[in-house]
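Novice: As input, take structure10.txt (compact mmCIF, C-alpha atoms):
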```txt
# COMPACT_ATOMS: atom_id res chain seq x y z
CA MET A 1 -27.16 101.06 43.30
CA ILE A 2 -27.73 101.38 39.61
CA ASP A 3 -26.14 99.51 36.69
CA VAL A 4 -24.59 101.90 34.21
CA VAL A 5 -23.56 100.58 30.79
CA TYR A 6 -21.61 102.26 28.01
CA PHE A 7 -21.27 101.53 24.31
CA ALA A 8 -18.97 102.46 21.41
CA TRP A 9 -16.72 105.50 22.00
CA VAL A 10 -18.46 106.29 25.29
CA ARG A 11 -17.30 102.87 26.56
CA GLU A 12 -13.79 103.51 25.24
CA ARG A 13 -13.54 106.92 26.92
CA ILE A 14 -14.81 105.66 30.27
CA GLY A 15 -12.73 102.49 30.05
CA VAL A 16 -15.30 99.92 31.22
CA PRO A 17 -18.39 98.46 29.53
CA ARG A 18 -20.47 98.32 32.72
CA GLU A 19 -20.27 99.36 36.35
CA GLN A 20 -22.43 99.70 39.43
CA ILE A 21 -22.82 103.24 40.70
CA ASP A 22 -23.91 104.08 44.21
CA THR A 23 -26.02 107.18 43.63
CA THR A 24 -29.08 109.06 44.79
CA ALA A 25 -29.39 110.98 41.49
CA ALA A 26 -33.03 111.77 40.76
CA THR A 27 -32.66 112.11 37.00
CA VAL A 28 -30.29 111.02 34.21
CA MET A 29 -28.95 114.59 34.10
CA ASP A 30 -28.19 114.48 37.85
CA LEU A 31 -26.26 111.24 37.30
CA VAL A 32 -24.29 112.82 34.43
CA THR A 33 -23.43 115.83 36.62
CA GLU A 34 -22.38 113.55 39.48
CA LEU A 35 -20.13 111.36 37.29
CA THR A 36 -18.66 114.39 35.48
CA ALA A 37 -17.52 115.81 38.83
CA ARG A 38 -16.06 112.47 39.84
CA GLU A 39 -13.28 111.92 37.26
CA ASP A 40 -11.91 113.39 34.04
CA ARG A 41 -12.76 110.34 31.96
CA TYR A 42 -16.47 110.91 32.70
CA ALA A 43 -16.14 114.63 32.01
CA LEU A 44 -14.57 113.74 28.65
CA ALA A 45 -17.27 111.22 27.76
CA PHE A 46 -20.11 113.54 28.77
CA SER A 47 -18.63 116.78 27.39
CA ASP A 48 -21.10 117.06 24.51
CA LEU A 49 -24.56 115.79 25.41
CA ASP A 50 -25.87 116.56 21.91
CA SER A 51 -23.71 113.70 20.66
CA LEU A 52 -24.99 111.29 23.32
CA ARG A 53 -28.11 109.20 23.67
CA VAL A 54 -29.42 107.57 26.83
CA ALA A 55 -31.63 104.58 27.54
CA VAL A 56 -33.25 103.75 30.86
CA ASP A 57 -34.10 100.08 31.37
CA GLN A 58 -33.48 99.65 27.63
CA GLU A 59 -35.89 102.39 26.48
CA LEU A 60 -34.61 105.56 24.81
CA VAL A 61 -35.33 108.59 26.99
CA ASP A 62 -34.38 112.26 27.36
CA PHE A 63 -31.74 113.44 29.81
CA ASP A 64 -34.41 114.79 32.18
CA ALA A 65 -35.87 111.27 32.66
CA PRO A 66 -36.31 110.24 36.31
CA LEU A 67 -34.21 107.42 37.78
CA VAL A 68 -36.68 106.30 40.47
CA GLY A 69 -36.90 102.50 40.43
CA VAL A 70 -34.56 102.25 37.44
CA ARG A 71 -32.18 99.26 37.28
CA GLU A 72 -30.04 100.09 34.25
CA VAL A 73 -28.94 103.28 32.51
CA ALA A 74 -27.07 103.13 29.19
CA PHE A 75 -25.06 105.91 27.53
CA PHE A 76 -24.05 105.70 23.88
CA PRO A 77 -23.54 107.72 20.68
CA PRO A 78 -26.29 108.07 18.07
CA MET A 79 -26.94 104.61 16.64
CA THR A 80 -25.53 103.46 13.31
CA GLY A 81 -27.31 100.23 12.50
CA GLY A 82 -28.64 98.96 9.19
CA MET B 83 -42.84 87.93 12.00
CA ARG B 84 -39.31 87.00 12.99
CA VAL B 85 -36.44 89.08 14.38
CA SER B 86 -32.93 87.73 14.89
CA VAL B 87 -29.84 89.50 16.23
CA GLN B 88 -26.90 87.18 15.67
CA SER B 89 -23.16 87.02 15.03
CA GLN B 90 -23.29 84.22 12.47
CA ASP B 91 -23.88 84.77 8.77
CA PHE B 92 -27.24 83.99 7.18
CA ASP B 93 -28.28 82.43 3.91
CA LEU B 94 -30.98 84.40 2.09
CA ALA B 95 -32.73 81.38 0.60
CA THR B 96 -32.82 79.58 3.95
CA ALA B 97 -33.97 82.70 5.79
CA LEU B 98 -36.81 83.19 3.29
CA HIS B 99 -37.97 79.59 3.37
CA GLY B 100 -41.65 79.67 4.33
CA PHE B 101 -41.67 83.49 4.37
CA GLY B 102 -44.79 85.34 3.20
CA THR B 103 -46.75 82.20 2.42
CA ALA B 104 -50.11 83.58 3.56
CA LYS B 105 -52.60 83.38 0.69
CA ASN B 106 -53.31 87.12 0.73
CA THR B 107 -49.64 87.96 0.07
CA GLY B 108 -49.21 89.58 -3.35
CA ALA B 109 -45.69 91.00 -3.03
CA THR B 110 -42.48 90.44 -1.12
CA VAL B 111 -39.48 92.76 -0.94
CA THR B 112 -36.06 91.84 0.43
CA PHE B 113 -33.13 94.09 1.21
CA THR B 114 -29.61 93.04 2.20
CA GLY B 115 -26.98 95.41 3.58
CA LEU B 116 -23.29 94.62 2.96
CA VAL B 117 -19.99 95.88 4.34
CA ARG B 118 -18.85 98.43 1.76
CA ASP B 119 -15.28 99.62 1.16
CA ASP B 120 -15.22 103.03 -0.54
CA THR B 121 -11.49 103.67 -0.24
CA GLY B 122 -9.83 100.28 -0.64
CA GLN B 123 -8.42 100.76 2.87
CA LEU B 124 -11.06 98.98 4.93
CA ASP B 125 -9.98 95.75 6.60
CA TYR B 126 -13.18 94.95 8.48
CA MET B 127 -16.12 96.42 10.34
CA GLU B 128 -16.84 95.74 14.00
CA ILE B 129 -20.49 96.05 15.01
CA GLU B 130 -21.25 96.55 18.68
CA HIS B 131 -24.78 96.06 19.97
CA TYR B 132 -26.86 96.38 23.12
CA PRO B 133 -28.18 92.87 23.81
CA GLY B 134 -31.83 92.81 24.78
CA MET B 135 -32.59 96.37 23.77
CA CYS B 136 -31.70 95.51 20.17
CA GLU B 137 -34.24 92.71 19.88
CA ASN B 138 -36.95 94.76 21.62
CA ALA B 139 -36.33 97.88 19.54
CA ILE B 140 -36.42 95.92 16.27
CA LEU B 141 -39.55 94.02 17.30
CA LYS B 142 -41.32 97.29 18.04
CA ILE B 143 -40.27 98.80 14.69
CA ALA B 144 -41.38 95.64 12.86
CA GLN B 145 -44.73 95.63 14.67
CA ASP B 146 -45.26 99.28 13.68
CA ALA B 147 -44.50 98.39 10.04
CA GLU B 148 -46.81 95.38 10.09
CA GLN B 149 -49.67 97.42 11.43
CA ARG B 150 -49.15 100.46 9.24
CA TRP B 151 -48.88 98.59 5.93
CA GLY B 152 -51.00 95.57 6.86
CA LEU B 153 -48.05 93.28 6.22
CA THR B 154 -48.68 89.57 6.01
CA ASP B 155 -45.12 88.78 7.13
CA CYS B 156 -41.93 90.54 8.19
CA LEU B 157 -38.38 89.34 8.83
CA VAL B 158 -35.35 91.20 10.18
CA ILE B 159 -31.89 89.68 10.68
CA HIS B 160 -29.08 91.91 11.95
CA ARG B 161 -25.55 90.72 12.68
CA TYR B 162 -22.96 91.98 15.13
CA GLY B 163 -19.24 91.33 15.67
CA LYS B 164 -16.40 91.37 13.17
CA LEU B 165 -17.58 91.56 9.55
CA ASN B 166 -15.22 91.54 6.58
CA VAL B 167 -15.63 93.65 3.43
CA GLY B 168 -18.48 92.26 1.36
CA ALA B 169 -20.05 90.43 4.31
CA GLN B 170 -23.79 90.57 4.85
CA ILE B 171 -24.64 92.89 7.76
CA MET B 172 -28.39 92.60 7.83
CA MET B 173 -31.52 91.88 5.89
CA VAL B 174 -35.17 92.83 5.97
CA ALA B 175 -38.00 91.12 4.16
CA THR B 176 -41.55 92.35 3.98
CA ALA B 177 -44.64 90.66 2.58
CA GLY B 178 -47.80 92.58 1.80
CA ARG B 179 -50.91 92.50 -0.33
CA HIS B 180 -49.47 94.99 -2.83
CA ARG B 181 -45.94 95.96 -3.86
CA VAL B 182 -46.22 99.57 -2.65
CA ASP B 183 -46.92 98.30 0.88
CA ALA B 184 -43.99 95.89 0.78
CA PHE B 185 -41.55 98.49 -0.64
CA ASP B 186 -42.62 101.31 1.70
CA ALA B 187 -42.54 99.04 4.76
CA ALA B 188 -39.04 97.83 3.85
CA THR B 189 -37.78 101.42 3.49
CA PHE B 190 -39.44 102.40 6.76
CA LEU B 191 -37.79 99.44 8.51
CA MET B 192 -34.38 100.37 7.13
CA ASP B 193 -34.73 104.04 8.09
CA TYR B 194 -35.69 103.16 11.66
CA LEU B 195 -33.15 100.35 12.08
CA LYS B 196 -30.42 102.78 11.09
CA SER B 197 -31.01 105.25 13.88
CA ARG B 198 -33.29 103.60 16.45
CA ALA B 199 -31.82 100.12 16.88
CA PRO B 200 -28.80 100.14 19.24
CA PHE B 201 -25.95 99.10 16.93
CA TRP B 202 -22.68 100.97 16.42
CA LYS B 203 -20.28 100.43 13.53
CA LYS B 204 -16.53 100.79 13.77
CA GLU B 205 -14.32 100.72 10.67
CA VAL B 206 -10.86 99.21 11.03
CA SER B 207 -8.42 99.97 8.22
CA LEU B 208 -5.89 97.60 6.67
CA GLY B 209 -2.89 96.95 8.89
CA GLY B 210 -4.78 98.41 11.83
CA ALA B 211 -3.58 101.90 10.83
CA SER B 212 -6.80 103.45 12.11
CA SER B 213 -10.10 102.51 13.63
CA GLU B 214 -13.00 104.93 13.65
CA TRP B 215 -16.58 104.85 14.85
CA VAL B 216 -18.98 105.60 12.02
CA SER B 217 -20.85 108.85 12.77
CA ALA B 218 -24.60 109.08 12.44
CA LYS B 219 -25.59 111.43 9.61
CA ASP B 220 -28.10 114.27 9.86
CA SER B 221 -29.78 112.69 6.82
CA ASP B 222 -30.48 109.55 8.91
CA GLU B 223 -32.58 111.64 11.28
CA THR B 224 -34.21 113.56 8.42
CA ALA B 225 -35.16 110.25 6.79
CA LEU B 226 -37.42 109.45 9.77
CA LYS B 227 -39.45 112.62 9.31
CA ARG B 228 -41.03 111.42 6.07
CA TRP B 229 -42.82 108.67 7.98
```
Write out the structure in this file as structure tokens.
Specialist:
Amino acid sequence: MIDVVYFAWVRERIGVPREQIDTTAATVMDLVTELTAREDRYALAFSDLDSLRVAVDQELVDFDAPLVGVREVAFFPPMTGG
Amino acid sequence: MRVSVQSQDFDLATALHGFGTAKNTGATVTFTGLVRDDTGQLDYMEIEHYPGMCENAILKIAQDAEQRWGLTDCLVIHRYGKLNVGAQIMMVATAGRHRVDAFDAATFLMDYLKSRAPFWKKEVSLGGASSEWVSAKDSDETALKRW
């Protein structure tokens, strides 16, 4: 089980801020592929990976990052702080 | 060094009390970001954040700035939640031996906070007619390259 969290329009498209996903995905990209195949709302949220960022255990990573031992994955748009 | 991610407003004078008091401080710079309304149509801004990651990301950016410019003090306050037009969103303060260090470190902090601290701004127009997530600009990413 892995905690998956979503922010901003990614959260709005998926419809929940956080969920537990039962997965054996080896990388972030594998998880994206798995969720995309699951339901349209995921396919919609993950349709353009260039406009998405991902963090693994609260550290920014690339989509090929491994998920071994990871507790939390977060998907969100490019940040707009400041 | 102090970092605070909070919903409540801050008072500049209170926040800066005791800031940069080390004897080798020769310059302090402060910057405050406000909710701006360019069109006269903005009701308020909603800032979403990633608790935990926000604090850690800002701390790391502030530590980088401290080390790079030999800062004698550094303060970052960033708010989240519903912020009305004119409200203070965030502030940075830097203290260094010389003004160039304090100015450059403050600009560096702002550039990195903009695109590496997990905050997202949504603009809600008057009467709730529309609400839109603010898009990151290519220039935000370009701004990082100068450092």
Novice: What's around segment 120-125 of chain B at 7 Å? Count all atoms listed in the file, leave out sequence neighbours fewer than 6 positions away in its own chain, and write the answer as a list in words.
Specialist: Asn166, Val167, Glu205, Val206, Ser207 and Leu208 of chain B
Novice: Using all atoms listed in the file, which residues sit within 10 Å of segment 7-16 of chain A once same-chain residues fewer than 5 positions away are excluded, as a short mmCIF file (atom, residue, chain, number, x, y, z; two decimals) with C-alpha atoms, keeping the file's coordinate frame?
Specialist:
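Everything below was put into part-v5.cif:
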```cif
data_model
loop_
_atom_site.label_atom_id
_atom_site.label_comp_id
_atom_site.auth_asym_id
_atom_site.auth_seq_id
_atom_site.Cartn_x
_atom_site.Cartn_y
_atom_site.Cartn_z
CA GLU A 39 -13.28 111.92 37.26
CA ASP A 40 -11.91 113.39 34.04
CA ARG A 41 -12.76 110.34 31.96
CA TYR A 42 -16.47 110.91 32.70
CA ALA A 43 -16.14 114.63 32.01
CA LEU A 44 -14.57 113.74 28.65
CA ALA A 45 -17.27 111.22 27.76
CA PHE A 46 -20.11 113.54 28.77
CA LEU A 52 -24.99 111.29 23.32
CA ALA A 74 -27.07 103.13 29.19
CA PHE A 75 -25.06 105.91 27.53
CA PHE A 76 -24.05 105.70 23.88
CA PRO A 77 -23.54 107.72 20.68
CA PRO A 78 -26.29 108.07 18.07
CA MET A 79 -26.94 104.61 16.64
CA ILE B 129 -20.49 96.05 15.01
CA GLU B 130 -21.25 96.55 18.68
CA HIS B 131 -24.78 96.06 19.97
CA TYR B 132 -26.86 96.38 23.12
CA PRO B 200 -28.80 100.14 19.24
CA PHE B 201 -25.95 99.10 16.93
CA TRP B 202 -22.68 100.97 16.42
CA LYS B 203 -20.28 100.43 13.53
CA LYS B 204 -16.53 100.79 13.77
CA GLU B 214 -13.00 104.93 13.65
CA TRP B 215 -16.58 104.85 14.85
CA VAL B 216 -18.98 105.60 12.02
#
```
Novice: Using only C-alpha atoms, which residue out of A:Leu35, A:Val68, A:Val4, A:Val73 lies closest to Ala55 of chain A?
Specialist: A:Val73
Novice: Kindly determine which residues of chain B lie within 10 Å of chain A, considering all atoms listed in the file, and give the answer as a ChimeraX atom specification.
Specialist: /B:114-116,129-136,138-139,159-162,171-174,191-204,214-219,222-223
Novice: Can you spit out the residues from that selection as a CSV table (one decimal), in the coordinates of the input, using C-alpha atoms?
Specialist:
```
chain,number,residue,atom,x,y,z
B,114,THR,CA,-29.6,93.0,2.2
B,115,GLY,CA,-27.0,95.4,3.6
B,116,LEU,CA,-23.3,94.6,3.0
B,129,ILE,CA,-20.5,96.0,15.0
B,130,GLU,CA,-21.2,96.6,18.7
B,131,HIS,CA,-24.8,96.1,20.0
B,132,TYR,CA,-26.9,96.4,23.1
B,133,PRO,CA,-28.2,92.9,23.8
B,134,GLY,CA,-31.8,92.8,24.8
B,135,MET,CA,-32.6,96.4,23.8
B,136,CYS,CA,-31.7,95.5,20.2
B,138,ASN,CA,-37.0,94.8,21.6
B,139,ALA,CA,-36.3,97.9,19.5
B,159,ILE,CA,-31.9,89.7,10.7
B,160,HIS,CA,-29.1,91.9,12.0
B,161,ARG,CA,-25.6,90.7,12.7
B,162,TYR,CA,-23.0,92.0,15.1
B,171,ILE,CA,-24.6,92.9,7.8
B,172,MET,CA,-28.4,92.6,7.8
B,173,MET,CA,-31.5,91.9,5.9
B,174,VAL,CA,-35.2,92.8,6.0
B,191,LEU,CA,-37.8,99.4,8.5
B,192,MET,CA,-34.4,100.4,7.1
B,193,ASP,CA,-34.7,104.0,8.1
B,194,TYR,CA,-35.7,103.2,11.7
B,195,LEU,CA,-33.2,100.4,12.1
B,196,LYS,CA,-30.4,102.8,11.1
B,197,SER,CA,-31.0,105.2,13.9
B,198,ARG,CA,-33.3,103.6,16.4
B,199,ALA,CA,-31.8,100.1,16.9
B,200,PRO,CA,-28.8,100.1,19.2
B,201,PHE,CA,-26.0,99.1,16.9
B,202,TRP,CA,-22.7,101.0,16.4
B,203,LYS,CA,-20.3,100.4,13.5
B,204,LYS,CA,-16.5,100.8,13.8
B,214,GLU,CA,-13.0,104.9,13.6
B,215,TRP,CA,-16.6,104.8,14.8
B,216,VAL,CA,-19.0,105.6,12.0
B,217,SER,CA,-20.8,108.8,12.8
B,218,ALA,CA,-24.6,109.1,12.4
B,219,LYS,CA,-25.6,111.4,9.6
B,222,ASP,CA,-30.5,109.6,8.9
B,223,GLU,CA,-32.6,111.6,11.3
```
Novice: So the first atom is atom CA of Ala147 of chain B and the second is atom CA of Arg84 of chain B; what is the distance between them in Å, to one decimal place?
Specialist: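 One can read the atom CA of Ala147 of chain B to atom CA of Arg84 of chain B distance as 12.9 Å.
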